[in-house]
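To be precise, the following lines are upload.cif, and they hold mmCIF, C-alpha atoms.
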```cif
data_my_file
#
loop_
_atom_site.group_PDB
_atom_site.id
_atom_site.type_symbol
_atom_site.label_atom_id
_atom_site.label_comp_id
_atom_site.auth_asym_id
_atom_site.auth_seq_id
_atom_site.Cartn_x
_atom_site.Cartn_y
_atom_site.Cartn_z
ATOM 1 C CA MET A 17 114.113 119.231 -76.753
ATOM 2 C CA ILE A 18 115.681 116.099 -75.251
ATOM 3 C CA ARG A 19 113.158 114.410 -72.957
ATOM 4 C CA VAL A 20 114.765 112.594 -70.020
ATOM 5 C CA ILE A 21 113.476 109.962 -67.602
ATOM 6 C CA MET A 22 115.419 110.089 -64.323
ATOM 7 C CA HIS A 23 115.773 106.536 -62.964
ATOM 8 C CA GLY A 24 116.461 106.807 -59.244
ATOM 9 C CA CYS A 25 115.079 110.339 -59.125
ATOM 10 C CA ASP A 26 114.679 110.500 -55.328
ATOM 11 C CA GLY A 27 118.297 109.542 -54.598
ATOM 12 C CA ARG A 28 121.097 112.030 -53.983
ATOM 13 C CA MET A 29 122.399 111.931 -57.543
ATOM 14 C CA GLY A 30 118.895 111.924 -58.967
ATOM 15 C CA GLN A 31 118.113 115.154 -57.146
ATOM 16 C CA VAL A 32 121.398 116.801 -58.192
ATOM 17 C CA ILE A 33 120.707 115.925 -61.835
ATOM 18 C CA THR A 34 117.108 117.150 -61.496
ATOM 19 C CA GLY A 35 118.358 120.526 -60.301
ATOM 20 C CA LEU A 36 120.976 120.860 -63.023
ATOM 21 C CA ILE A 37 118.669 119.843 -65.888
ATOM 22 C CA ALA A 38 116.130 122.436 -64.693
ATOM 23 C CA GLN A 39 118.784 125.026 -65.629
ATOM 24 C CA GLN A 40 119.602 123.451 -69.016
ATOM 25 C CA ASP A 41 118.430 124.647 -72.402
ATOM 26 C CA GLY A 42 117.097 122.020 -74.787
ATOM 27 C CA MET A 43 116.632 119.332 -72.131
ATOM 28 C CA GLU A 44 113.983 118.513 -69.545
ATOM 29 C CA ILE A 45 113.055 115.684 -67.197
ATOM 30 C CA VAL A 46 109.583 114.525 -68.186
ATOM 31 C CA ALA A 47 109.276 111.671 -65.665
ATOM 32 C CA GLY A 48 111.062 109.938 -62.843
ATOM 33 C CA VAL A 49 111.295 106.374 -61.586
ATOM 34 C CA ASP A 50 111.805 105.514 -57.916
ATOM 35 C CA VAL A 51 110.351 103.095 -55.380
ATOM 36 C CA SER A 52 110.446 105.919 -52.830
ATOM 37 C CA ASP A 53 107.978 108.781 -52.751
ATOM 38 C CA ARG A 54 109.647 110.881 -50.052
ATOM 39 C CA VAL A 55 110.665 113.643 -52.485
ATOM 40 C CA LYS A 56 108.129 115.901 -54.177
ATOM 41 C CA ASN A 57 109.286 116.344 -57.761
ATOM 42 C CA GLU A 58 107.803 118.643 -60.385
ATOM 43 C CA TYR A 59 107.448 115.702 -62.777
ATOM 44 C CA PRO A 60 105.407 112.483 -62.435
ATOM 45 C CA VAL A 61 107.180 109.587 -60.713
ATOM 46 C CA PHE A 62 106.536 105.892 -61.379
ATOM 47 C CA LYS A 63 107.568 102.774 -59.456
ATOM 48 C CA SER A 64 109.239 101.260 -62.536
ATOM 49 C CA LEU A 65 110.122 102.233 -66.083
ATOM 50 C CA LYS A 66 107.644 99.615 -67.279
ATOM 51 C CA GLU A 67 104.823 101.547 -65.580
ATOM 52 C CA CYS A 68 105.936 104.884 -67.039
ATOM 53 C CA SER A 69 103.521 106.122 -69.690
ATOM 54 C CA ILE A 70 105.423 109.306 -70.578
ATOM 55 C CA GLU A 71 107.207 109.526 -73.936
ATOM 56 C CA ALA A 72 110.944 110.203 -73.640
ATOM 57 C CA ASP A 73 114.220 110.138 -75.571
ATOM 58 C CA VAL A 74 116.746 108.850 -73.027
ATOM 59 C CA VAL A 75 116.999 107.446 -69.501
ATOM 60 C CA ILE A 76 119.616 108.537 -66.953
ATOM 61 C CA ASP A 77 120.129 105.891 -64.273
ATOM 62 C CA PHE A 78 121.551 106.520 -60.817
ATOM 63 C CA ALA A 79 119.648 103.915 -58.819
ATOM 64 C CA SER A 80 120.883 100.626 -57.350
ATOM 65 C CA ALA A 81 122.397 97.459 -58.789
ATOM 66 C CA LYS A 82 119.341 95.405 -57.826
ATOM 67 C CA ALA A 83 117.200 97.544 -60.150
ATOM 68 C CA VAL A 84 119.484 97.277 -63.196
ATOM 69 C CA ASP A 85 118.121 94.053 -64.711
ATOM 70 C CA GLY A 86 114.554 95.345 -64.767
ATOM 71 C CA LEU A 87 115.723 98.686 -66.126
ATOM 72 C CA LEU A 88 117.626 97.037 -68.988
ATOM 73 C CA ASP A 89 114.650 94.878 -69.934
ATOM 74 C CA ASP A 90 112.325 97.886 -69.917
ATOM 75 C CA CYS A 91 114.734 100.013 -71.978
ATOM 76 C CA ALA A 92 114.963 97.244 -74.580
ATOM 77 C CA ALA A 93 111.177 96.841 -74.672
ATOM 78 C CA LYS A 94 110.576 100.590 -75.067
ATOM 79 C CA GLY A 95 113.566 101.241 -77.347
ATOM 80 C CA LEU A 96 114.975 103.793 -74.921
ATOM 81 C CA PRO A 97 118.705 104.633 -74.808
ATOM 82 C CA CYS A 98 120.140 104.585 -71.291
ATOM 83 C CA VAL A 99 123.017 106.311 -69.501
ATOM 84 C CA LEU A 100 123.816 103.607 -66.945
ATOM 85 C CA CYS A 101 125.658 105.138 -63.984
ATOM 86 C CA THR A 102 124.923 102.529 -61.302
ATOM 87 C CA THR A 103 128.031 100.679 -60.099
ATOM 88 C CA GLY A 104 128.585 97.390 -58.281
ATOM 89 C CA LEU A 105 127.189 95.246 -61.113
ATOM 90 C CA SER A 106 127.753 91.489 -61.124
ATOM 91 C CA GLU A 107 129.347 89.670 -64.063
ATOM 92 C CA GLU A 108 125.881 88.423 -65.016
ATOM 93 C CA GLN A 109 124.544 91.982 -65.042
ATOM 94 C CA ILE A 110 127.454 93.205 -67.146
ATOM 95 C CA ALA A 111 126.630 90.447 -69.645
ATOM 96 C CA HIS A 112 123.006 91.647 -69.525
ATOM 97 C CA VAL A 113 124.215 95.180 -70.359
ATOM 98 C CA GLN A 114 126.092 93.854 -73.378
ATOM 99 C CA ARG A 115 123.055 91.920 -74.634
ATOM 100 C CA THR A 116 120.799 94.942 -74.207
ATOM 101 C CA ALA A 117 123.272 97.129 -76.109
ATOM 102 C CA GLU A 118 122.595 94.975 -79.158
ATOM 103 C CA LYS A 119 119.042 96.378 -79.140
ATOM 104 C CA VAL A 120 119.392 99.956 -77.859
ATOM 105 C CA ALA A 121 122.167 102.462 -77.147
ATOM 106 C CA ILE A 122 123.668 101.988 -73.677
ATOM 107 C CA LEU A 123 126.378 104.190 -72.204
ATOM 108 C CA ARG A 124 127.992 102.583 -69.176
ATOM 109 C CA SER A 125 130.758 104.159 -67.155
ATOM 110 C CA ALA A 126 132.184 103.427 -63.722
ATOM 111 C CA ASN A 127 132.542 107.171 -63.224
ATOM 112 C CA MET A 128 130.950 110.031 -65.125
ATOM 113 C CA SER A 129 133.577 112.643 -64.238
ATOM 114 C CA LEU A 130 135.738 114.114 -67.007
ATOM 115 C CA GLY A 131 138.721 114.162 -64.650
ATOM 116 C CA ILE A 132 138.450 110.468 -63.801
ATOM 117 C CA ASN A 133 138.246 109.512 -67.440
ATOM 118 C CA LEU A 134 141.404 111.516 -68.142
ATOM 119 C CA LEU A 135 142.992 109.800 -65.121
ATOM 120 C CA LEU A 136 142.236 106.416 -66.685
ATOM 121 C CA LYS A 137 144.216 107.453 -69.741
ATOM 122 C CA LEU A 138 147.142 108.727 -67.661
ATOM 123 C CA VAL A 139 147.479 105.629 -65.472
ATOM 124 C CA ARG A 140 147.460 103.415 -68.565
ATOM 125 C CA GLU A 141 150.442 105.339 -69.911
ATOM 126 C CA ALA A 142 152.215 105.165 -66.552
ATOM 127 C CA ALA A 143 151.597 101.441 -66.079
ATOM 128 C CA ALA A 144 152.919 100.626 -69.549
ATOM 129 C CA THR A 145 156.306 102.023 -68.494
ATOM 130 C CA LEU A 146 156.496 101.506 -64.735
ATOM 131 C CA ALA A 147 155.278 97.899 -64.476
ATOM 132 C CA ASP A 148 158.202 96.706 -66.595
ATOM 133 C CA ALA A 149 160.496 98.738 -64.344
ATOM 134 C CA GLY A 150 159.360 96.736 -61.323
ATOM 135 C CA PHE A 151 156.986 99.248 -59.754
ATOM 136 C CA ASP A 152 154.227 97.885 -57.502
ATOM 137 C CA MET A 153 150.726 99.221 -58.169
ATOM 138 C CA GLU A 154 148.171 99.994 -55.463
ATOM 139 C CA ILE A 155 144.814 101.787 -55.448
ATOM 140 C CA VAL A 156 143.174 103.524 -52.485
ATOM 141 C CA GLU A 157 139.609 104.789 -52.776
ATOM 142 C CA LYS A 158 137.610 106.790 -50.231
ATOM 143 C CA HIS A 159 133.866 107.419 -50.150
ATOM 144 C CA HIS A 160 131.092 108.497 -47.779
ATOM 145 C CA ASN A 161 129.695 106.156 -45.166
ATOM 146 C CA GLN A 162 126.449 105.599 -47.077
ATOM 147 C CA LYS A 163 128.070 103.958 -50.121
ATOM 148 C CA LEU A 164 126.919 100.370 -50.480
ATOM 149 C CA ASP A 165 129.534 98.749 -52.734
ATOM 150 C CA ALA A 166 133.248 98.292 -52.106
ATOM 151 C CA PRO A 167 135.586 98.686 -53.811
ATOM 152 C CA SER A 168 134.114 101.436 -55.918
ATOM 153 C CA GLY A 169 133.395 100.859 -59.573
ATOM 154 C CA THR A 170 135.942 103.563 -60.353
ATOM 155 C CA ALA A 171 138.663 101.764 -58.377
ATOM 156 C CA LEU A 172 137.991 98.592 -60.334
ATOM 157 C CA ALA A 173 138.066 100.528 -63.620
ATOM 158 C CA LEU A 174 141.433 102.011 -62.634
ATOM 159 C CA ALA A 175 142.724 98.545 -61.724
ATOM 160 C CA ASP A 176 141.557 97.172 -65.068
ATOM 161 C CA ALA A 177 143.257 100.065 -66.875
ATOM 162 C CA VAL A 178 146.668 99.531 -65.266
ATOM 163 C CA ASN A 179 146.377 95.724 -65.474
ATOM 164 C CA GLU A 180 145.684 95.834 -69.199
ATOM 165 C CA ALA A 181 148.453 98.361 -69.859
ATOM 166 C CA ALA A 182 150.907 96.280 -67.826
ATOM 167 C CA GLY A 183 150.255 93.200 -69.944
ATOM 168 C CA GLY A 184 147.569 91.557 -67.815
ATOM 169 C CA GLY A 185 147.824 88.709 -65.376
ATOM 170 C CA TYR A 186 147.677 90.779 -62.193
ATOM 171 C CA ALA A 187 145.559 89.523 -59.289
ATOM 172 C CA TYR A 188 143.366 91.990 -57.407
ATOM 173 C CA VAL A 189 143.727 91.800 -53.622
ATOM 174 C CA TYR A 190 141.276 93.513 -51.264
ATOM 175 C CA ASP A 191 142.479 92.220 -47.885
ATOM 176 C CA ARG A 192 145.880 90.986 -46.715
ATOM 177 C CA THR A 193 145.056 90.372 -43.046
ATOM 178 C CA GLY A 194 145.021 86.573 -43.308
ATOM 179 C CA ARG A 195 148.296 86.324 -45.195
ATOM 180 C CA ARG A 196 151.872 86.285 -43.898
ATOM 181 C CA GLU A 197 154.103 86.541 -46.940
ATOM 182 C CA LYS A 198 155.822 89.261 -48.903
ATOM 183 C CA ARG A 199 153.929 91.035 -51.641
ATOM 184 C CA PRO A 200 153.873 89.146 -54.964
ATOM 185 C CA ALA A 201 154.992 91.145 -57.977
ATOM 186 C CA LYS A 202 151.836 90.409 -60.012
ATOM 187 C CA GLU A 203 149.368 91.928 -57.599
ATOM 188 C CA ILE A 204 147.267 95.089 -57.462
ATOM 189 C CA GLY A 205 146.082 95.995 -53.981
ATOM 190 C CA ILE A 206 142.747 97.824 -53.766
ATOM 191 C CA SER A 207 141.841 99.434 -50.435
ATOM 192 C CA SER A 208 138.499 101.009 -49.519
ATOM 193 C CA VAL A 209 137.827 103.725 -46.941
ATOM 194 C CA ARG A 210 134.277 104.610 -45.901
ATOM 195 C CA GLY A 211 133.584 107.633 -43.732
ATOM 196 C CA GLY A 212 131.768 110.894 -43.282
ATOM 197 C CA THR A 213 130.627 112.712 -46.389
ATOM 198 C CA ILE A 214 133.612 112.028 -48.679
ATOM 199 C CA VAL A 215 132.219 112.409 -52.201
ATOM 200 C CA GLY A 216 134.961 110.447 -53.956
ATOM 201 C CA ASP A 217 138.732 110.220 -53.683
ATOM 202 C CA HIS A 218 140.994 107.895 -55.705
ATOM 203 C CA ASP A 219 144.748 107.425 -55.557
ATOM 204 C CA VAL A 220 146.704 105.206 -57.942
ATOM 205 C CA ILE A 221 150.136 104.525 -56.446
ATOM 206 C CA PHE A 222 153.177 103.321 -58.380
ATOM 207 C CA ALA A 223 155.801 102.359 -55.789
ATOM 208 C CA GLY A 224 159.307 101.595 -57.009
ATOM 209 C CA THR A 225 162.737 101.388 -55.417
ATOM 210 C CA ASP A 226 163.407 104.735 -53.706
ATOM 211 C CA GLU A 227 160.597 106.573 -55.516
ATOM 212 C CA VAL A 228 156.812 106.722 -55.552
ATOM 213 C CA LEU A 229 154.531 108.245 -58.176
ATOM 214 C CA THR A 230 150.891 108.899 -57.194
ATOM 215 C CA PHE A 231 148.007 109.946 -59.430
ATOM 216 C CA SER A 232 145.098 111.431 -57.474
ATOM 217 C CA HIS A 233 141.576 112.597 -58.191
ATOM 218 C CA THR A 234 139.254 114.224 -55.658
ATOM 219 C CA ALA A 235 135.608 115.043 -56.242
ATOM 220 C CA TYR A 236 134.375 117.852 -53.995
ATOM 221 C CA SER A 237 130.776 117.736 -55.185
ATOM 222 C CA ARG A 238 128.386 115.253 -56.767
ATOM 223 C CA ALA A 239 127.817 117.873 -59.444
ATOM 224 C CA VAL A 240 130.899 116.642 -61.348
ATOM 225 C CA PHE A 241 129.209 113.262 -61.864
ATOM 226 C CA ALA A 242 125.842 114.831 -62.633
ATOM 227 C CA LYS A 243 127.319 117.111 -65.295
ATOM 228 C CA GLY A 244 129.008 114.123 -66.922
ATOM 229 C CA ALA A 245 125.758 112.155 -66.932
ATOM 230 C CA ILE A 246 123.907 115.051 -68.555
ATOM 231 C CA GLN A 247 126.633 115.412 -71.173
ATOM 232 C CA ALA A 248 126.393 111.656 -71.808
ATOM 233 C CA ALA A 249 122.618 111.888 -72.248
ATOM 234 C CA ARG A 250 123.049 114.599 -74.882
ATOM 235 C CA PHE A 251 125.597 112.390 -76.640
ATOM 236 C CA LEU A 252 123.377 109.292 -76.516
ATOM 237 C CA TRP A 253 120.293 111.002 -77.931
ATOM 238 C CA ASN A 254 119.416 109.437 -81.297
ATOM 239 C CA LYS A 255 122.449 107.115 -81.221
ATOM 240 C CA SER A 256 122.090 103.678 -82.785
ATOM 241 C CA ALA A 257 122.254 100.509 -80.693
ATOM 242 C CA GLY A 258 125.639 99.809 -79.172
ATOM 243 C CA LEU A 259 127.698 99.972 -75.997
ATOM 244 C CA TYR A 260 129.313 103.365 -75.382
ATOM 245 C CA ASP A 261 131.441 104.882 -72.623
ATOM 246 C CA MET A 262 132.650 108.317 -71.519
ATOM 247 C CA ASN A 263 135.590 108.181 -73.927
ATOM 248 C CA ASP A 264 133.041 108.321 -76.745
ATOM 249 C CA VAL A 265 131.514 111.423 -75.146
ATOM 250 C CA ILE A 266 134.893 113.099 -74.671
ATOM 251 C CA GLU A 267 136.004 112.368 -78.218
ATOM 252 C CA GLY A 268 132.724 113.646 -79.586
#
```
Go through the file and emit its structure as structure tokens.
Amino acid sequence: MIRVIMHGCDGRMGQVITGLIAQQDGMEIVAGVDVSDRVKNEYPVFKSLKECSIEADVVIDFASAKAVDGLLDDCAAKGLPCVLCTTGLSEEQIAHVQRTAEKVAILRSANMSLGINLLLKLVREAAATLADAGFDMEIVEKHHNQKLDAPSGTALALADAVNEAAGGGYAYVYDRTGRREKRPAKEIGISSVRGGTIVGDHDVIFAGTDEVLTFSHTAYSRAVFAKGAIQAARFLWNKSAGLYDMNDVIEG
């Protein structure tokens, strides 16, 4: 039995994962961590992982960026592997993730969906060909009006994927309102839309002369991310220290 601590258990994703794991064989949530106590869970909930006295095998995190540093320190102290799903991390926090991965297994992904991770592979292949052919590359992401960070972590991961495949050196541009000049060739525009209850929508646009190729992914339910996180937790169980991502899960 894989014993899970749900970090951010009272949030939307925390509750989706709680419901899905309740239907899983060989896995259970033994404790939760959340500063809120508005949700009545069937497992004990603590204000921090440090305060948690329940033995576990892995942590699934869907909390907030401001809680990540404390979470990483507590995982290292307790020797607990962590599926880190929170986005919007600073460069300092990403460096903290890398240091912590030297002590315990950490799986970090900008998006836990299988489809998005396949999309990352596809846009790399496209960029390797189309950038040299003079195609401009743009990314448009859409999310619900409660999302705190912009652009999304997935949009940045997609930008990094096409930038690397295109040979690097592209600047990321999030706003062109204060600029009156034609579009530079070495630029990737990233646009964010926030509205309603959009779960997650990403378009990667390759615009050339007289033709446009668009790769799109739409998430209709948070369950796609929850299922990926659960799959990642199964993968991470008993893994040695190191930094992993969803490609490791997909490849087995």
**OP:** Pick out the residues sitting within 8 Å of A:Leu252, and hand them over as a ChimeraX atom specification; count all atoms listed in the file, and ignore anything fewer than 3 positions along from it in its own chain.
**Re:** /A:74,97-99,121-123,248-249,255
**OP:** Taking the file above as input, evaluate the PyMOL selection byres ((chain A and resi 68-71) around 12) and report the hits as a PyMOL selection string.
**Re:** chain A and resi 18-23+45-50+59-67+72-75+87+90-91+94-96
With C-alpha atoms kept, could you save the residues just selected as an mmCIF file, in the coordinates of the input?
```cif
data_model
loop_
_atom_site.group_PDB
_atom_site.id
_atom_site.type_symbol
_atom_site.label_atom_id
_atom_site.label_comp_id
_atom_site.auth_asym_id
_atom_site.auth_seq_id
_atom_site.Cartn_x
_atom_site.Cartn_y
_atom_site.Cartn_z
ATOM 1 C CA ILE A 18 115.681 116.099 -75.251
ATOM 2 C CA ARG A 19 113.158 114.410 -72.957
ATOM 3 C CA VAL A 20 114.765 112.594 -70.020
ATOM 4 C CA ILE A 21 113.476 109.962 -67.602
ATOM 5 C CA MET A 22 115.419 110.089 -64.323
ATOM 6 C CA HIS A 23 115.773 106.536 -62.964
ATOM 7 C CA ILE A 45 113.055 115.684 -67.197
ATOM 8 C CA VAL A 46 109.583 114.525 -68.186
ATOM 9 C CA ALA A 47 109.276 111.671 -65.665
ATOM 10 C CA GLY A 48 111.062 109.938 -62.843
ATOM 11 C CA VAL A 49 111.295 106.374 -61.586
ATOM 12 C CA ASP A 50 111.805 105.514 -57.916
ATOM 13 C CA TYR A 59 107.448 115.702 -62.777
ATOM 14 C CA PRO A 60 105.407 112.483 -62.435
ATOM 15 C CA VAL A 61 107.180 109.587 -60.713
ATOM 16 C CA PHE A 62 106.536 105.892 -61.379
ATOM 17 C CA LYS A 63 107.568 102.774 -59.456
ATOM 18 C CA SER A 64 109.239 101.260 -62.536
ATOM 19 C CA LEU A 65 110.122 102.233 -66.083
ATOM 20 C CA LYS A 66 107.644 99.615 -67.279
ATOM 21 C CA GLU A 67 104.823 101.547 -65.580
ATOM 22 C CA ALA A 72 110.944 110.203 -73.640
ATOM 23 C CA ASP A 73 114.220 110.138 -75.571
ATOM 24 C CA VAL A 74 116.746 108.850 -73.027
ATOM 25 C CA VAL A 75 116.999 107.446 -69.501
ATOM 26 C CA LEU A 87 115.723 98.686 -66.126
ATOM 27 C CA ASP A 90 112.325 97.886 -69.917
ATOM 28 C CA CYS A 91 114.734 100.013 -71.978
ATOM 29 C CA LYS A 94 110.576 100.590 -75.067
ATOM 30 C CA GLY A 95 113.566 101.241 -77.347
ATOM 31 C CA LEU A 96 114.975 103.793 -74.921
#
```
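The two atoms in question, atom CA of A:Asp89 and atom CA of A:Ala175, are spaced 29.5 Å apart.
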**OP:** Name all residues at most 9 Å from A:Thr103 (count all atoms listed in the file; drop same-chain ones fewer than 2 positions away) and give them as an MDAnalysis selection string.
**Re:** chainID A and resid 78 80:81 100:101 105 125:127 165 168:170
Output C-alpha atoms of each residue in that selection to a file, as a short mmCIF file (atom, residue, chain, number, x, y, z; two decimals), in the frame of the given file.
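Everything below was put into selection.cif:
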```
data_model
loop_
_atom_site.label_atom_id
_atom_site.label_comp_id
_atom_site.auth_asym_id
_atom_site.auth_seq_id
_atom_site.Cartn_x
_atom_site.Cartn_y
_atom_site.Cartn_z
CA PHE A 78 121.55 106.52 -60.82
CA SER A 80 120.88 100.63 -57.35
CA ALA A 81 122.40 97.46 -58.79
CA LEU A 100 123.82 103.61 -66.94
CA CYS A 101 125.66 105.14 -63.98
CA LEU A 105 127.19 95.25 -61.11
CA SER A 125 130.76 104.16 -67.16
CA ALA A 126 132.18 103.43 -63.72
CA ASN A 127 132.54 107.17 -63.22
CA ASP A 165 129.53 98.75 -52.73
CA SER A 168 134.11 101.44 -55.92
CA GLY A 169 133.40 100.86 -59.57
CA THR A 170 135.94 103.56 -60.35
#
```
**OP:** Place a sphere of radius 9 Å on (139.9, 101.8, -66.4) in the file coordinates and name every protein, DNA or RNA residue with an atom inside or on its surface, counting only C-alpha atoms; give the answer as a list in words.
**Re:** Ala126, Asn133, Leu135, Leu136, Lys137, Val139, Arg140, Thr170, Ala171, Leu172, Ala173, Leu174, Ala175, Asp176, Ala177, Val178, Asn179 and Glu180 of chain A
Subject >> d(atom CA of A:Asn254, atom CA of A:Ala242) in Å >> reply: 20.5 Å
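The shell of residues at most 10 Å from A:Phe241, with all atoms listed in the file counted and near chain neighbours (fewer than 4 positions) removed, consists of Met29, Val32, Ile33, Cys101, Asn127, Met128, Ser129, Leu130, Gly131, Ile132, Ala235, Ser237, Ala245, Ile246 and Gln247 of chain A.
Matched in the shown structure by the PyMOL selection byres ((chain A and resi 187) around 10): Ala175, Asn179, Gly184, Gly185, Tyr186, Tyr188, Val189, Tyr190, Pro200, Ala201, Lys202, Glu203, Ile204 and Gly205 of chain A.
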Listed atoms of stretch 246-262 of chain A boxed along x, y and z, 6 Å each side, centre and edge lengths in Å, one decimal, as AutoDock Vina command-line options:
```
--center_x 126.0 --center_y 107.6 --center_z -75.7 --size_x 25.2 --size_y 27.6 --size_z 26.2
```
Original post:
Restricting the calculation to all atoms listed in the file, which member of A:Ala239, A:Val156, A:Leu146, A:Ala257 is positioned closest to A:Ala223?
Top reply: A:Leu146
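If you look at atom CA of A:Ala117 and atom CA of A:Asp85, they are 12.9 Å away from each other.
The closest residue to A:Gly104, picked from A:Phe222, A:Glu267, A:Pro167, A:Met153 and counting only C-alpha atoms, is A:Pro167.
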Subject >> Non-local contacts of A:Glu227 (12 Å; all atoms listed in the file; under 3 positions in same chain excluded) as a VMD selection string >> reply: chain A and resid 146 149 to 152 221 to 224 230
Once you have the residues from the selection above, write them out as a short mmCIF file (atom, residue, chain, number, x, y, z; two decimals), in the frame of the given file, restricted to C-alpha atoms.
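For reference, result_14.cif as written:
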```
data_model
loop_
_atom_site.label_atom_id
_atom_site.label_comp_id
_atom_site.auth_asym_id
_atom_site.auth_seq_id
_atom_site.Cartn_x
_atom_site.Cartn_y
_atom_site.Cartn_z
CA LEU A 146 156.50 101.51 -64.74
CA ALA A 149 160.50 98.74 -64.34
CA GLY A 150 159.36 96.74 -61.32
CA PHE A 151 156.99 99.25 -59.75
CA ASP A 152 154.23 97.88 -57.50
CA ILE A 221 150.14 104.52 -56.45
CA PHE A 222 153.18 103.32 -58.38
CA ALA A 223 155.80 102.36 -55.79
CA GLY A 224 159.31 101.60 -57.01
CA THR A 230 150.89 108.90 -57.19
#
```
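Distances here use all atoms listed in the file; by that measure, the residue among A:Val220, A:Ala166, A:Ile110, A:Ala93 closest to A:Asp191 is A:Ala166.
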Could you add the missing atoms to stretch 238-254 of chain A, up to N, CA and C atoms, and return them as a JSON list (two decimals), in the frame of the given file?
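And here is the file that came out, selection_38.json:
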```json
[["chain", "number", "residue", "atom", "x", "y", "z"],
["A", 238, "ARG", "N", 129.03, 116.22, -55.87],
["A", 238, "ARG", "CA", 128.39, 115.25, -56.77],
["A", 238, "ARG", "C", 128.05, 115.87, -58.11],
["A", 239, "ALA", "N", 128.14, 117.19, -58.19],
["A", 239, "ALA", "CA", 127.82, 117.87, -59.44],
["A", 239, "ALA", "C", 128.74, 117.44, -60.57],
["A", 240, "VAL", "N", 129.99, 117.05, -60.27],
["A", 240, "VAL", "CA", 130.90, 116.64, -61.35],
["A", 240, "VAL", "C", 130.39, 115.38, -62.04],
["A", 241, "PHE", "N", 129.76, 114.48, -61.27],
["A", 241, "PHE", "CA", 129.21, 113.26, -61.86],
["A", 241, "PHE", "C", 127.90, 113.57, -62.59],
["A", 242, "ALA", "N", 127.11, 114.46, -62.01],
["A", 242, "ALA", "CA", 125.84, 114.83, -62.63],
["A", 242, "ALA", "C", 126.06, 115.51, -63.98],
["A", 243, "LYS", "N", 127.03, 116.42, -64.03],
["A", 243, "LYS", "CA", 127.32, 117.11, -65.30],
["A", 243, "LYS", "C", 127.76, 116.13, -66.37],
["A", 244, "GLY", "N", 128.58, 115.14, -65.97],
["A", 244, "GLY", "CA", 129.01, 114.12, -66.92],
["A", 244, "GLY", "C", 127.85, 113.29, -67.43],
["A", 245, "ALA", "N", 126.92, 112.95, -66.54],
["A", 245, "ALA", "CA", 125.76, 112.16, -66.93],
["A", 245, "ALA", "C", 124.87, 112.93, -67.90],
["A", 246, "ILE", "N", 124.71, 114.22, -67.66],
["A", 246, "ILE", "CA", 123.91, 115.05, -68.56],
["A", 246, "ILE", "C", 124.58, 115.17, -69.92],
["A", 247, "GLN", "N", 125.88, 115.36, -69.91],
["A", 247, "GLN", "CA", 126.63, 115.41, -71.17],
["A", 247, "GLN", "C", 126.50, 114.09, -71.93],
["A", 248, "ALA", "N", 126.54, 112.98, -71.19],
["A", 248, "ALA", "CA", 126.39, 111.66, -71.81],
["A", 248, "ALA", "C", 125.00, 111.47, -72.41],
["A", 249, "ALA", "N", 123.99, 111.99, -71.74],
["A", 249, "ALA", "CA", 122.62, 111.89, -72.25],
["A", 249, "ALA", "C", 122.47, 112.66, -73.56],
["A", 250, "ARG", "N", 123.08, 113.83, -73.63],
["A", 250, "ARG", "CA", 123.05, 114.60, -74.88],
["A", 250, "ARG", "C", 123.74, 113.82, -76.00],
["A", 251, "PHE", "N", 124.86, 113.18, -75.65],
["A", 251, "PHE", "CA", 125.60, 112.39, -76.64],
["A", 251, "PHE", "C", 124.77, 111.20, -77.12],
["A", 252, "LEU", "N", 124.07, 110.55, -76.20],
["A", 252, "LEU", "CA", 123.38, 109.29, -76.52],
["A", 252, "LEU", "C", 122.08, 109.51, -77.30],
["A", 253, "TRP", "N", 121.55, 110.70, -77.24],
["A", 253, "TRP", "CA", 120.29, 111.00, -77.93],
["A", 253, "TRP", "C", 120.41, 110.68, -79.42],
["A", 254, "ASN", "N", 119.50, 109.85, -79.89],
["A", 254, "ASN", "CA", 119.42, 109.44, -81.30],
["A", 254, "ASN", "C", 120.57, 108.55, -81.77]]
```
